[in-house]
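Engineer: Quick one: the structure is below, questions incoming.
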There are 2 protein chains.
Amino acid sequence: MSSEQTVKKKIVRIRQGELEQIDDLVTIETPVTIYLNGSELVTLLCTPEKLEYLALGFLRSEGILSGMEELESIRVKEEEGLVEVDLKEKEGLAEKLYGKRTVTSGCGKGTVFFNALDSLRSSPLKGDLNISSEAIINLMDSLQEKAVLYKATGGVHSAALADQDELLNFCEDIGRHNAIDKIVGQCLCEGISTEDKIIVSSGRLSSEILLKAAKLKIQLLISRAAPTNLCIELAENLNITLVGFARGKRCNIYTHPWRITLPFS
Amino acid sequence: MSSEQTVKKKIVRIRQGELEQIDDLVTIETPVTIYLNGSELVTLLCTPEKLEYLALGFLRSEGILSGMEELESIRVKEEEGLVEVDLKEKEGLAEKLYGKRTVTSGCGKGTVFFNALDSLRSSPLKGDLNISSEAIINLMDSLQEKAVLYKATGGVHSAALADQDELLNFCEDIGRHNAIDKIVGQCLCEGISTEDKIIVSSGRLSSEILLKAAKLKIQLLISRAAPTNLCIELAENLNITLVGFARGKRCNIYTHPWRITLPFS
C-alpha cells in the first residue's frame, strides 16, 4: 500500500455515547478517463494504482481488446487522471462501441453484455483443474493477509490470480469490477496464461464478475461473499467451479464440485 | 421478502474438512431493460421488485427526470424484464442522453457525472436537521432488522429513507446503487418530501451514492460501511453530514458533526 492510496482525515468518532476527535485513514477515489484512439471512451472511479492494468483489463473484459498484439501504445498520465490507449486496428471499432454506448450503466450492462452472455453459453470451458478444500481456505487467507488497504480503511475490494499453491498477483480497488479488471490487465500485459488458474476475490459474485473470469477461461472462482442465481447458472453452463462464503474453515461450492477434493478423501 | 427474490439451490458445504449436501437460498439477479420514449436506454442487473421505483429513481438520479409532472406513462412488464417509460417532453432528450452514451460504464460515470458534480459544488444544501447519536444507532438497527433478504442470502444491499425516529420506506437490491435508486423512485412516485430526511444504507459511500442523496437534498447520509475521500469532500462542500461505520454502539462522523448531538449533551 502506497501512501497515495489513502488520506488522513480528522473525524469525530462516537463510541458508547462518548465523543472523540481522531485522525482516520480514508481510501482514495479518483476519476480516471480512458481515451481510445483519441476519443473519450469511459471514466472509471477507482483506486489510483495499476492504471495501465485497469485500462487494459477493462478493454479486454468489454471485448474491445483481445491481445497485446492489437495494442499500438498505452500512456498513463496519472496526474491528469488519463490513460490513452491506441489500437493498431482503427476500422470496425465504431461498430464494436456502438452497442456499448447505447446501453451500459453504472449498475449493469445491456445488449453488449447479453450478446457476450449468449456467445459464452454455447462454449463451456474445458479443463480438469483439481484443488483440495484446504488449499481454497489457504488462498482466501493469503488474500486477506495481503489486503493492507482494506485493513487500513475498510473501503476496498481485493482480487488475485492464483494457482493451487499461492497468489500470483494481487490488487485492491474501491470497485469489485475494477479489482478483477486490474488482474485481467496484468495477465494480458505480462503474458500470464490463465486457463489453468484460479481467481480469488473479496467481492460478491454477480453475473458480470463471472463473465470476466470466463473470458480468461478461469476454471475456479473463489469469493468470501455471496453469489447470485444468475452467476450460478452461468457457472453451471460454462463448466466453472464457483465457491462462495470462503470464510475461516468453511466454504460453499455452488457448481462443479468434482474439481475439489477433501483433505483426506 | 417474497419468494420471487430467492431461489433454492443444492450446494456442497465444506466445514471443518467435512462435506455436506444442503439446500441453500440464493438471491435472484435479473436483467431489466428500461425503454425511454420507445428507445432502449439501459439494462440494469437488479433484484426484481419495485421495478417502477427503480426505473423512476434511475432516471431521476441520471438527471433525465425531475418530477412526476414530466412523466406521460410508465409500464412495468415484469415477466419480460422491461420497464417502458414515456416522457411528455420528446425534444431535447437526445442531447441529454448524448453525453451519457459516450462515457458511462459498469464502474463509474463520465462527463455527465462530472457535469453534475460541478453544478452541485456551487450550491451547498441548507438545513439544520438535528439528530442524537442514539437515534443514528437505532436507525441502523432498524435497517438491519428489516433486511430479511440479506439475512437469508447474504447477497444484497439495503437502503431506506428515514426521519429522526424511524425508517419511512425500505428496499433491498443486489446493487447498492439500485437500492438507493429504488428509494429515490419511491419518494418521487409518492410525492414524499426528502429535504428534511435521512438516507440509511448498508453500502459503501462513494461519490456516486453521495450525489444521488444530494439531488434529493438529503442532509444526513448514514452507512454501516466506509466512505471514500471523494465522497467526504463532496459532503463537506455540499453541507451534508456523512456518517460511516455505524455498527453496534459506534459510528464515525466524517463531515458537519454539528447536526449530531450526544445523548446527554
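Chain labels follow the order of the C-alpha cells: the first chain is A, the next B, and so on; residue numbering restarts at 1 in every chain, and ligands are counted from 1 in their shown order.
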Could you tell me, as a count of residues only, which residues of range 16-251 of chain A DSSP assigns to alpha helix (DSSP H) when given the backbone?
Structural biologist: 87
Engineer: Write out as a PyMOL selection string which residues come within 7 Å of Pro31 in chain A when counting only C-alpha atoms, dropping same-chain ones fewer than 6 positions away.
Structural biologist: chain A and resi 43-46+81
Engineer: Would you please work out which residue, of A:Ile240, A:Leu221, A:Ile260, A:Ile253, is nearest to chain B when using only C-alpha atoms?
Structural biologist: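 The closest residue to chain B is A:Ile253.
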Engineer: Counting only C-alpha atoms, which of B:Tyr254, B:Tyr53, B:Phe58, B:Tyr150 gets nearest to Asn169 in chain B?
Structural biologist: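 Of all the options, B:Tyr53 lies closest to Asn169 in chain B.
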Engineer: Compile the contact shell of Ile199 in chain B as a PyMOL selection string: residues with an atom at most 8 Å away, counting only C-alpha atoms, same-chain residues fewer than 6 positions apart removed.
Structural biologist: chain B and resi 159-162+213+218+220-222
Engineer: For the residues selected in the previous step, produce a file with C-alpha atoms as an mmCIF file, in the first residue's frame.
Structural biologist:
data_model
loop_
_atom_site.group_PDB
_atom_site.id
_atom_site.type_symbol
_atom_site.label_atom_id
_atom_site.label_comp_id
_atom_site.auth_asym_id
_atom_site.auth_seq_id
_atom_site.Cartn_x
_atom_site.Cartn_y
_atom_site.Cartn_z
ATOM 1 C CA ALA B 159 -31.392 1.288 1.878
ATOM 2 C CA ALA B 160 -34.103 3.393 3.470
ATOM 3 C CA LEU B 161 -35.437 6.914 3.763
ATOM 4 C CA ALA B 162 -35.859 7.902 7.400
ATOM 5 C CA ALA B 213 -28.536 11.786 -1.988
ATOM 6 C CA ILE B 218 -30.743 14.851 1.928
ATOM 7 C CA LEU B 220 -27.679 13.217 6.550
ATOM 8 C CA LEU B 221 -26.342 10.018 4.974
ATOM 9 C CA ILE B 222 -25.662 7.064 7.294
#
Engineer: Hey, can you check how far CA of Arg13 in chain A sits from CA of Asp163 in chain B?
Structural biologist: 22.0 Å
